[in-house]
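See below for structure-v3.txt, which holds compact mmCIF, C-alpha atoms.
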# COMPACT_ATOMS: atom_id res chain seq x y z
CA MET A 1443 -40.37 -24.29 23.89
CA GLU A 1444 -44.15 -24.26 24.07
CA ARG A 1445 -43.97 -22.23 27.28
CA ILE A 1446 -41.65 -19.70 25.63
CA PHE A 1447 -43.81 -19.45 22.52
CA ASP A 1448 -46.87 -18.94 24.72
CA ARG A 1449 -45.10 -16.11 26.53
CA ILE A 1450 -44.23 -14.51 23.19
CA ALA A 1451 -47.86 -14.75 22.07
CA ALA A 1452 -48.95 -13.15 25.36
CA LYS A 1453 -46.44 -10.29 24.91
CA ALA A 1454 -44.82 -11.28 28.21
CA ASP A 1455 -41.19 -10.32 28.87
CA LEU A 1456 -38.69 -13.12 28.31
CA ASP A 1457 -35.85 -13.80 30.73
CA MET A 1458 -32.23 -14.66 30.02
CA LYS A 1459 -32.86 -18.41 30.02
CA ASP A 1460 -35.73 -18.01 27.55
CA VAL A 1461 -33.64 -15.88 25.20
CA VAL A 1462 -30.62 -18.18 25.25
CA THR A 1463 -32.97 -21.10 24.54
CA LEU A 1464 -34.38 -19.29 21.49
CA LEU A 1465 -30.91 -18.32 20.26
CA SER A 1466 -29.83 -21.95 20.58
CA LEU A 1467 -32.47 -23.26 18.17
CA GLU A 1468 -31.14 -25.27 15.23
CA THR A 1469 -31.66 -23.29 12.04
CA ALA A 1470 -33.03 -26.30 10.16
CA GLY A 1471 -35.78 -27.21 12.65
CA ALA A 1472 -39.51 -26.50 12.71
CA GLU A 1473 -39.19 -24.40 15.87
CA TYR A 1474 -36.76 -22.09 14.07
CA TYR A 1475 -39.34 -21.32 11.41
CA ARG A 1476 -42.01 -20.87 14.07
CA LEU A 1477 -39.72 -18.28 15.66
CA LEU A 1478 -39.42 -16.44 12.34
CA TYR A 1479 -43.21 -16.53 11.96
CA LEU A 1480 -43.74 -15.05 15.42
CA ALA A 1481 -41.20 -12.29 14.71
CA ARG A 1482 -42.82 -11.42 11.39
CA LYS A 1483 -46.22 -11.35 13.10
CA GLN A 1484 -44.82 -9.02 15.78
CA SER A 1485 -43.41 -6.81 13.02
CA GLU A 1486 -46.79 -6.57 11.29
CA GLU A 1487 -48.52 -5.70 14.56
CA SER A 1488 -45.94 -3.05 15.48
CA PHE A 1489 -45.04 -1.54 12.12
CA GLY A 1490 -47.90 -2.55 9.82
CA ASN A 1491 -46.47 -3.01 6.35
CA ARG A 1492 -44.33 0.11 6.64
CA GLY A 1493 -40.77 -0.22 5.38
CA TYR A 1494 -37.94 2.25 5.96
CA VAL A 1495 -34.70 3.03 4.17
CA PHE A 1496 -31.99 4.72 6.22
CA ALA A 1497 -28.82 6.03 4.59
CA GLN A 1498 -25.36 6.51 6.07
CA ILE A 1499 -22.51 8.66 4.80
CA GLY A 1500 -19.00 7.91 6.01
CA ILE A 1501 -17.60 11.45 5.95
CA HIS A 1502 -13.91 10.59 6.19
CA ALA A 1503 -11.40 7.80 5.64
CA GLU A 1504 -8.67 8.08 8.26
CA PRO A 1505 -6.99 5.85 10.86
CA CYS A 1506 -8.73 5.52 14.24
CA SER A 1507 -6.76 5.15 17.46
CA ILE A 1508 -9.44 2.97 19.12
CA ASN A 1509 -8.05 0.05 17.07
CA CYS A 1510 -11.09 -2.21 17.03
CA LYS A 1511 -9.88 -5.65 15.94
CA PHE A 1512 -12.50 -5.91 13.18
CA CYS A 1513 -12.35 -2.43 11.64
CA SER A 1514 -10.83 -1.45 8.30
CA MET A 1515 -9.99 2.00 9.71
CA ALA A 1516 -8.16 0.84 12.83
CA ALA A 1517 -4.82 2.65 12.97
CA GLU A 1518 -2.81 -0.54 13.52
CA TYR A 1519 -4.35 -2.38 10.54
CA TYR A 1520 -5.65 0.39 8.27
CA ALA A 1521 -7.05 -1.38 5.22
CA LEU A 1522 -8.46 1.46 3.09
CA PRO A 1523 -6.46 2.52 0.02
CA ASN A 1524 -6.73 6.27 0.64
CA ARG A 1525 -7.12 8.89 3.35
CA TRP A 1526 -9.49 11.83 2.96
CA ARG A 1527 -12.17 14.04 4.51
CA LYS A 1528 -15.29 15.07 2.66
CA SER A 1529 -15.86 18.78 2.37
CA ALA A 1530 -19.09 20.32 3.60
CA ASP A 1531 -20.11 20.89 -0.02
CA ALA A 1532 -19.55 17.21 -0.87
CA ILE A 1533 -21.62 16.11 2.12
CA ILE A 1534 -24.38 18.56 1.18
CA GLU A 1535 -24.48 17.05 -2.30
CA ASN A 1536 -24.69 13.56 -0.77
CA VAL A 1537 -27.61 14.49 1.48
CA ARG A 1538 -29.43 16.24 -1.35
CA GLN A 1539 -29.23 13.08 -3.43
CA LEU A 1540 -30.39 10.93 -0.52
CA ALA A 1541 -33.28 13.28 0.27
CA ALA A 1542 -34.32 13.16 -3.38
CA GLY A 1543 -34.29 9.36 -3.09
CA ARG A 1544 -36.83 9.67 -0.23
CA VAL A 1545 -34.86 8.06 2.56
CA ASN A 1546 -36.34 8.27 6.03
CA ASP A 1547 -33.22 8.89 8.11
CA ILE A 1548 -29.74 10.13 7.20
CA PHE A 1549 -26.69 9.23 9.30
CA LEU A 1550 -23.36 11.00 9.29
CA MET A 1551 -20.60 8.63 10.38
CA ALA A 1552 -17.12 9.50 11.64
CA ASN A 1553 -14.63 7.50 13.66
CA ALA A 1554 -13.63 8.29 17.22
CA ASP A 1555 -10.74 10.59 16.21
CA TYR A 1556 -12.77 12.96 14.04
CA PRO A 1557 -12.95 16.40 15.71
CA VAL A 1558 -16.30 16.76 17.46
CA GLU A 1559 -16.42 20.53 16.84
CA LYS A 1560 -16.02 19.93 13.11
CA PHE A 1561 -18.69 17.22 13.14
CA ILE A 1562 -21.22 19.47 14.90
CA GLU A 1563 -20.45 22.30 12.49
CA ILE A 1564 -21.01 20.03 9.48
CA GLY A 1565 -24.21 18.66 10.98
CA LYS A 1566 -25.61 22.14 11.54
CA THR A 1567 -24.76 23.10 7.95
CA VAL A 1568 -26.18 20.03 6.21
CA ARG A 1569 -29.36 20.02 8.32
CA GLN A 1570 -30.47 23.07 6.31
CA TYR A 1571 -30.54 20.92 3.17
CA ILE A 1572 -32.53 18.04 4.66
CA PRO A 1573 -36.35 18.21 4.69
CA SER A 1574 -37.77 18.42 8.20
CA GLU A 1575 -39.50 15.04 7.91
CA ILE A 1576 -36.14 13.27 7.43
CA ARG A 1577 -34.31 12.50 10.67
CA LEU A 1578 -30.59 13.22 11.05
CA ALA A 1579 -28.50 10.88 13.20
CA ALA A 1580 -24.91 10.99 14.43
CA ASN A 1581 -22.67 7.93 14.38
CA ILE A 1582 -19.48 9.01 16.12
CA GLY A 1583 -17.24 8.02 19.02
CA ASP A 1584 -18.05 8.53 22.68
CA PHE A 1585 -19.21 11.90 23.96
CA ASP A 1586 -20.54 13.54 27.12
CA ALA A 1587 -23.82 15.23 28.04
CA PRO A 1588 -22.85 18.74 26.84
CA VAL A 1589 -21.91 17.37 23.41
CA ALA A 1590 -25.17 15.43 23.26
CA ARG A 1591 -27.09 18.64 23.88
CA ARG A 1592 -25.07 20.46 21.22
CA LEU A 1593 -25.78 17.70 18.70
CA LYS A 1594 -29.48 18.20 19.31
CA GLU A 1595 -29.16 21.98 19.03
CA ALA A 1596 -27.33 21.52 15.71
CA GLY A 1597 -30.32 19.61 14.29
CA PHE A 1598 -29.47 15.99 14.99
CA THR A 1599 -32.54 14.04 16.07
CA GLY A 1600 -30.74 10.90 17.22
CA ALA A 1601 -27.51 8.98 17.56
CA TYR A 1602 -26.33 5.46 16.77
CA HIS A 1603 -24.49 4.03 19.74
CA LEU A 1604 -24.04 0.75 21.58
CA VAL A 1605 -21.80 -1.41 23.68
CA ARG A 1606 -20.03 -3.56 21.12
CA MET A 1607 -19.45 -7.27 21.48
CA ARG A 1608 -16.51 -7.86 23.84
CA GLU A 1609 -16.07 -4.13 24.33
CA GLY A 1610 -12.71 -3.35 25.87
CA ILE A 1611 -11.29 -6.68 24.67
CA ASP A 1612 -11.76 -6.46 20.91
CA THR A 1613 -11.91 -2.67 21.06
CA GLY A 1614 -9.90 0.05 22.73
CA THR A 1615 -12.85 1.50 24.63
CA PRO A 1616 -14.07 0.42 28.09
CA ALA A 1617 -17.70 -0.68 28.15
CA GLU A 1618 -18.37 1.83 30.93
CA GLN A 1619 -17.44 4.69 28.62
CA ARG A 1620 -19.90 3.48 25.99
CA VAL A 1621 -22.62 3.29 28.65
CA ARG A 1622 -21.94 6.89 29.69
CA THR A 1623 -22.53 7.97 26.10
CA LEU A 1624 -25.77 5.97 25.94
CA GLU A 1625 -26.95 7.82 29.03
CA ALA A 1626 -25.94 11.18 27.53
CA ILE A 1627 -27.98 10.39 24.40
CA ARG A 1628 -31.01 9.41 26.47
CA ASP A 1629 -30.78 12.41 28.80
CA ALA A 1630 -30.47 14.86 25.89
CA GLY A 1631 -33.70 13.58 24.35
CA LEU A 1632 -32.01 12.19 21.26
CA GLU A 1633 -33.42 9.03 19.68
CA LEU A 1634 -31.15 6.05 20.32
CA TYR A 1635 -30.43 3.69 17.43
CA TYR A 1636 -29.10 0.49 19.03
CA CYS A 1637 -27.45 -2.49 17.40
CA VAL A 1638 -26.08 -5.78 18.69
CA GLU A 1639 -22.80 -5.89 16.82
CA PRO A 1640 -20.42 -7.00 15.44
CA ILE A 1641 -21.55 -10.60 16.01
CA GLY A 1642 -19.05 -13.35 15.23
CA PRO A 1643 -19.10 -17.15 15.52
CA GLU A 1644 -17.06 -16.99 18.74
CA HIS A 1645 -19.69 -15.03 20.66
CA SER A 1646 -21.83 -17.03 23.06
CA TYR A 1647 -25.59 -16.78 23.09
CA ALA A 1648 -25.37 -15.38 26.61
CA GLU A 1649 -23.18 -12.52 25.33
CA ILE A 1650 -25.60 -11.79 22.51
CA ALA A 1651 -28.59 -11.95 24.86
CA ALA A 1652 -26.96 -9.49 27.27
CA GLU A 1653 -26.77 -6.83 24.55
CA ILE A 1654 -30.33 -7.54 23.43
CA PHE A 1655 -31.47 -6.90 27.00
CA ARG A 1656 -29.41 -3.69 27.11
CA ALA A 1657 -31.31 -2.43 24.08
CA ARG A 1658 -34.60 -3.29 25.80
CA ASP A 1659 -33.52 -1.42 28.93
CA TYR A 1660 -32.95 1.73 26.86
CA HIS A 1661 -36.40 1.40 25.19
CA THR A 1662 -34.80 1.49 21.76
CA GLY A 1663 -37.20 2.54 19.02
CA ALA A 1664 -34.91 1.66 16.11
CA MET A 1665 -33.28 -1.71 16.74
CA SER A 1666 -30.71 -3.65 14.72
CA VAL A 1667 -28.39 -6.65 14.73
CA MET A 1668 -25.24 -6.92 12.64
CA ARG A 1669 -22.88 -9.76 11.89
CA ARG A 1670 -19.18 -9.06 11.67
CA THR A 1671 -17.83 -8.77 8.16
CA PRO A 1672 -14.32 -10.25 8.06
CA VAL A 1673 -11.83 -7.57 6.95
CA GLU A 1674 -8.60 -9.06 5.70
CA GLY A 1675 -5.61 -7.90 7.74
CA THR A 1676 -7.53 -7.37 10.97
CA PRO A 1677 -7.00 -9.71 13.95
CA LEU A 1678 -10.52 -11.16 13.82
CA PHE A 1679 -10.48 -11.90 10.09
CA GLY A 1680 -9.74 -15.58 10.68
CA ASN A 1681 -12.77 -15.99 12.96
CA GLY A 1682 -15.10 -15.71 10.00
CA THR A 1683 -18.74 -14.67 10.17
CA VAL A 1684 -22.11 -16.09 11.16
CA SER A 1685 -24.45 -17.57 8.56
CA THR A 1686 -27.46 -15.78 7.12
CA PRO A 1687 -29.95 -18.15 8.85
CA GLU A 1688 -28.13 -17.57 12.14
CA LEU A 1689 -28.30 -13.81 11.69
CA CYS A 1690 -32.02 -14.05 10.92
CA LYS A 1691 -32.57 -16.01 14.13
CA ILE A 1692 -30.78 -13.36 16.18
CA ALA A 1693 -32.81 -10.62 14.49
CA ALA A 1694 -36.07 -12.45 15.24
CA VAL A 1695 -35.18 -12.86 18.91
CA ALA A 1696 -34.05 -9.23 19.22
CA LEU A 1697 -37.33 -8.04 17.71
CA LEU A 1698 -39.42 -10.16 20.06
CA VAL A 1699 -37.45 -9.15 23.18
CA VAL A 1700 -36.92 -5.43 22.52
CA ARG A 1701 -40.23 -4.78 20.72
CA PRO A 1702 -38.91 -1.56 19.11
CA SER A 1703 -41.52 1.08 18.39
CA ARG A 1704 -40.38 2.15 14.93
CA SER A 1705 -38.19 -0.29 13.09
CA MET A 1706 -36.08 -3.46 13.05
CA ASN A 1707 -32.95 -3.70 10.95
CA VAL A 1708 -30.42 -6.37 10.07
CA HIS A 1709 -27.00 -5.63 8.65
CA GLU A 1710 -25.93 -6.26 6.03
CA ALA A 1711 -29.21 -6.65 4.21
CA THR A 1712 -30.36 -10.02 2.93
CA GLU A 1713 -33.74 -10.99 1.49
CA MET A 1714 -34.02 -13.83 3.99
CA SER A 1715 -33.77 -11.45 6.95
CA LEU A 1716 -37.10 -9.90 6.00
CA LEU A 1717 -38.76 -13.18 6.94
CA ALA A 1718 -37.71 -12.42 10.53
CA GLY A 1719 -39.71 -9.19 10.73
CA VAL A 1720 -37.00 -6.80 9.54
CA ASN A 1721 -38.63 -3.69 8.03
CA GLN A 1722 -35.69 -1.30 7.71
CA LEU A 1723 -32.53 -1.44 5.59
CA TYR A 1724 -29.47 0.75 5.07
CA ALA A 1725 -27.99 2.36 1.99
CA GLU A 1726 -24.36 3.41 2.46
CA ALA A 1727 -21.81 5.75 0.89
CA GLY A 1728 -18.33 6.98 1.73
CA ALA A 1729 -15.99 5.21 4.13
CA ASN A 1730 -17.22 2.04 5.84
CA PRO A 1731 -15.46 0.12 8.64
CA ARG A 1732 -16.54 -3.19 7.06
CA ASP A 1733 -15.13 -2.41 3.61
CA THR A 1734 -11.70 -2.15 2.01
CA ASP A 1735 -12.97 0.26 -0.66
CA ASP A 1736 -12.97 3.79 0.74
CA ASN A 1737 -16.15 4.53 -1.21
CA THR A 1738 -18.39 1.69 -0.10
CA GLU A 1739 -21.08 2.53 -2.66
CA ASN A 1740 -18.69 1.00 -5.20
CA ASN A 1741 -18.40 -2.26 -3.27
CA ARG A 1742 -20.32 -3.41 -0.16
CA GLY A 1743 -22.69 -0.48 0.23
CA HIS A 1744 -26.21 -0.86 -1.19
CA SER A 1745 -28.05 1.90 -3.04
CA VAL A 1746 -31.31 3.48 -1.89
CA SER A 1747 -33.17 2.00 -4.85
CA ALA A 1748 -31.84 -1.51 -4.13
CA MET A 1749 -33.02 -1.28 -0.52
CA ARG A 1750 -36.43 0.06 -1.54
CA ASN A 1751 -36.82 -2.78 -4.02
CA MET A 1752 -35.86 -5.43 -1.44
CA LEU A 1753 -38.43 -4.12 1.02
CA GLU A 1754 -41.17 -3.76 -1.58
CA ASN A 1755 -40.51 -7.26 -2.94
CA SER A 1756 -41.14 -8.53 0.60
CA GLY A 1757 -44.50 -6.82 0.87
CA TYR A 1758 -43.56 -3.62 2.65
CA VAL A 1759 -44.81 -0.18 1.62
CA VAL A 1760 -41.97 2.33 1.41
CA ASP A 1761 -43.12 5.95 1.06
Output the file's structure in the form of structure tokens.
Amino acid sequence: MERIFDRIAAKADLDMKDVVTLLSLETAGAEYYRLLYLARKQSEESFGNRGYVFAQIGIHAEPCSINCKFCSMAAEYYALPNRWRKSADAIIENVRQLAAGRVNDIFLMANADYPVEKFIEIGKTVRQYIPSEIRLAANIGDFDAPVARRLKEAGFTGAYHLVRMREGIDTGTPAEQRVRTLEAIRDAGLELYYCVEPIGPEHSYAEIAAEIFRARDYHTGAMSVMRRTPVEGTPLFGNGTVSTPELCKIAAVALLVVRPSRSMNVHEATEMSLLAGVNQLYAEAGANPRDTDDNTENNRGHSVSAMRNMLENSGYVVD
């Protein structure tokens, strides 16, 4: 452990064995808290005391044919009480409220079956109502290089995308297809928001480490880790979720390995996670694949003010 901690202090790249060793630390031991300290120190060096609030709008509640085994919108186990699509006017009102709340980035989220043409059209429309200093990100299914370029032309500055845990086993998408989208995002000059997710108790540390290294390979500026939220009625509900200390450990390791340039996030937000160097949190509205309320702001989704308060209470400055 001393050798690994020395490498962290020297800003040297860690290898797979190092990362699995860190992820294997007991969450009650002194070395665990040393890891959190090193991650928080890295956060201060990289981000200063700057905190960020991102906001995501789920723009529709409809079944998705990808049938991820953890998702409330999977067609085979649809768990939301209603089905709807937000109008452009409703989305504009959402983004106006979020911009007034001084969020840093706004995400529009749609599942893999939402028409891409419609999504691009909505993005182009709502971009006009978002101040230029606020970034606009797309969180949608897989897409190719021409679509990536059109997203950028429509005013999107980035995209949230990743290879999910056990992609192609717990999801209906081959990992190779997800990688092609990652490459399209990179080649179009869009900012990539990467997340290791959805992490469950059954995932090995080697699996988690592999996705952390993937994020490093793509030079991710906005990094995140997310634990799986059990959604009743989905096949993975009985597997449960990882503990908050475990999630904090994974976040700390991801921060130290990836060394993102702009922000580190953990999902869903907990006060404890900020001890691990997390400086960015999400507010959410609309449909959410981790929720059984089709308007997550009424249930799991946090408000902008709650996320600002959590960051400020932890010593971060949120503009």
Gln1722 of chain A proximity check over A:Ile1450, A:Val1462, A:Cys1513, A:Val1495, using only C-alpha atoms: winner is A:Val1495
Top pick for closest residue to Thr1671 of chain A, considering A:Pro1687, A:Gly1583, A:Pro1731, A:Gly1631 and counting only C-alpha atoms:
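Closest to Thr1671 of chain A of all the choices is A:Pro1731.
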In Å, how far is it from atom CA of Ala1694 of chain A to atom CA of Met1752 of chain A?
18.1 Å
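Among the candidates A:Thr1662, A:Thr1676, A:Thr1683, A:Asn1730, the residue lying nearest to Glu1518 of chain A is A:Thr1676 (atoms considered: only C-alpha atoms).
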With distances taken over all atoms listed in the file, which of A:Gln1498, A:Asn1581, A:Ser1514, A:Ser1488 is nearest to Gly1675 of chain A?
A:Ser1514
Residue among A:Cys1690, A:Ala1729, A:Val1605, A:Ala1454 lying closest to Lys1528 of chain A, counting only C-alpha atoms:
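Smallest distance to Lys1528 of chain A is found for A:Ala1729.
Going from atom CA of Cys1510 of chain A to atom CA of Asp1586 of chain A covers 21.0 Å.
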What does the structure give for the distance between atom CA of Gly1728 of chain A and atom CA of Ser1705 of chain A, in Å to one decimal?
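Calculated distance between atom CA of Gly1728 of chain A and atom CA of Ser1705 of chain A is 24.0 Å.
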From the options A:Pro1505, A:Thr1734, A:Tyr1602, A:Thr1623, which residue's atoms come nearest to Tyr1636 of chain A, counting all atoms listed in the file?
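For Tyr1636 of chain A, the nearest of the candidates is A:Tyr1602.
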Give me the residues near Ala1648 of chain A as a PyMOL selection string, where near means some atom within 9 Å (using all atoms listed in the file) and where sequence neighbours in that chain fewer than 5 positions away do not count.
chain A and resi 1458-1459+1461-1462+1465+1653
For Gly1682 of chain A, work out the shell of residues within 7 Å, counting all atoms listed in the file and skipping chain neighbours fewer than 5 positions away, then give it as a list in words.
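Everything that qualifies: Gly1642, Pro1643 and Pro1672 of chain A.
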Excluding His1603 of chain A and its own-chain neighbours fewer than 5 positions away, which residues fall within 12 Å of it when counting all atoms listed in the file? Please give them as an MDAnalysis selection string.
chainID A and resid 1549 1551 1554 1579:1585 1590 1617 1619:1628 1632:1639 1656:1657 1660 1662 1664:1666
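With only the atoms specified (all atoms listed in the file) counting, those residues at most 7 Å away from (-35.9, -22.4, 24.8) are A:Met1443, A:Ile1446, A:Asp1460, A:Val1461, A:Val1462, A:Thr1463, A:Leu1464.
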At a cut-off of 8 Å, using all atoms listed in the file, what residues contact Val1684 of chain A? Leave out same-chain residues fewer than 3 positions from it and give the result as a CSV table (one decimal) with C-alpha atoms, keeping the file's coordinate frame.
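Output file out.csv follows:
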chain,number,residue,atom,x,y,z
A,1641,ILE,CA,-21.6,-10.6,16.0
A,1642,GLY,CA,-19.0,-13.4,15.2
A,1643,PRO,CA,-19.1,-17.2,15.5
A,1669,ARG,CA,-22.9,-9.8,11.9
A,1670,ARG,CA,-19.2,-9.1,11.7
A,1688,GLU,CA,-28.1,-17.6,12.1
A,1689,LEU,CA,-28.3,-13.8,11.7
How close does each residue of segment 1490-1560 of chain A get to segment 1738-1743 of chain A, giving the shortest atom pair and distance in Å to one decimal for every residue with an atom at most 12 Å away, counting all atoms listed in the file, sorted by chain and residue number, as a tab-separated table?
residue	atom	partner	partner_atom	distance
A:Ala1497	CA	A:Gly1743	CA	9.9
A:Gln1498	CA	A:Gly1743	CA	9.5
A:Ile1499	CA	A:Thr1738	CA	9.5
A:Gly1500	CA	A:Thr1738	CA	8.7
A:Ile1501	CA	A:Thr1738	CA	11.5
A:His1502	CA	A:Thr1738	CA	11.8
A:Ala1503	CA	A:Thr1738	CA	10.9
A:Ser1514	CA	A:Thr1738	CA	11.7
A:Leu1522	CA	A:Thr1738	CA	10.4
A:Pro1523	CA	A:Thr1738	CA	12.0
A:Asn1536	CA	A:Glu1739	CA	11.8
Can I get the selected residues back with C-alpha atoms, as an mmCIF file, in the frame of the given file?
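Produced file result.cif, reproduced below:
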data_model
loop_
_atom_site.group_PDB
_atom_site.id
_atom_site.type_symbol
_atom_site.label_atom_id
_atom_site.label_comp_id
_atom_site.auth_asym_id
_atom_site.auth_seq_id
_atom_site.Cartn_x
_atom_site.Cartn_y
_atom_site.Cartn_z
ATOM 1 C CA ALA A 1497 -28.820 6.030 4.590
ATOM 2 C CA GLN A 1498 -25.360 6.510 6.070
ATOM 3 C CA ILE A 1499 -22.510 8.660 4.800
ATOM 4 C CA GLY A 1500 -19.000 7.910 6.010
ATOM 5 C CA ILE A 1501 -17.600 11.450 5.950
ATOM 6 C CA HIS A 1502 -13.910 10.590 6.190
ATOM 7 C CA ALA A 1503 -11.400 7.800 5.640
ATOM 8 C CA SER A 1514 -10.830 -1.450 8.300
ATOM 9 C CA LEU A 1522 -8.460 1.460 3.090
ATOM 10 C CA PRO A 1523 -6.460 2.520 0.020
ATOM 11 C CA ASN A 1536 -24.690 13.560 -0.770
#
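All residues that come within 9 Å of the coordinates (-41.4, -13.0, 12.0), counting all atoms listed in the file, are given as Tyr1475, Arg1476, Leu1477, Leu1478, Tyr1479, Leu1480, Ala1481, Arg1482, Lys1483, Gln1484, Ser1485, Glu1486, Ala1694, Leu1697, Leu1698, Leu1716, Leu1717, Ala1718, Gly1719 and Val1720 of chain A.
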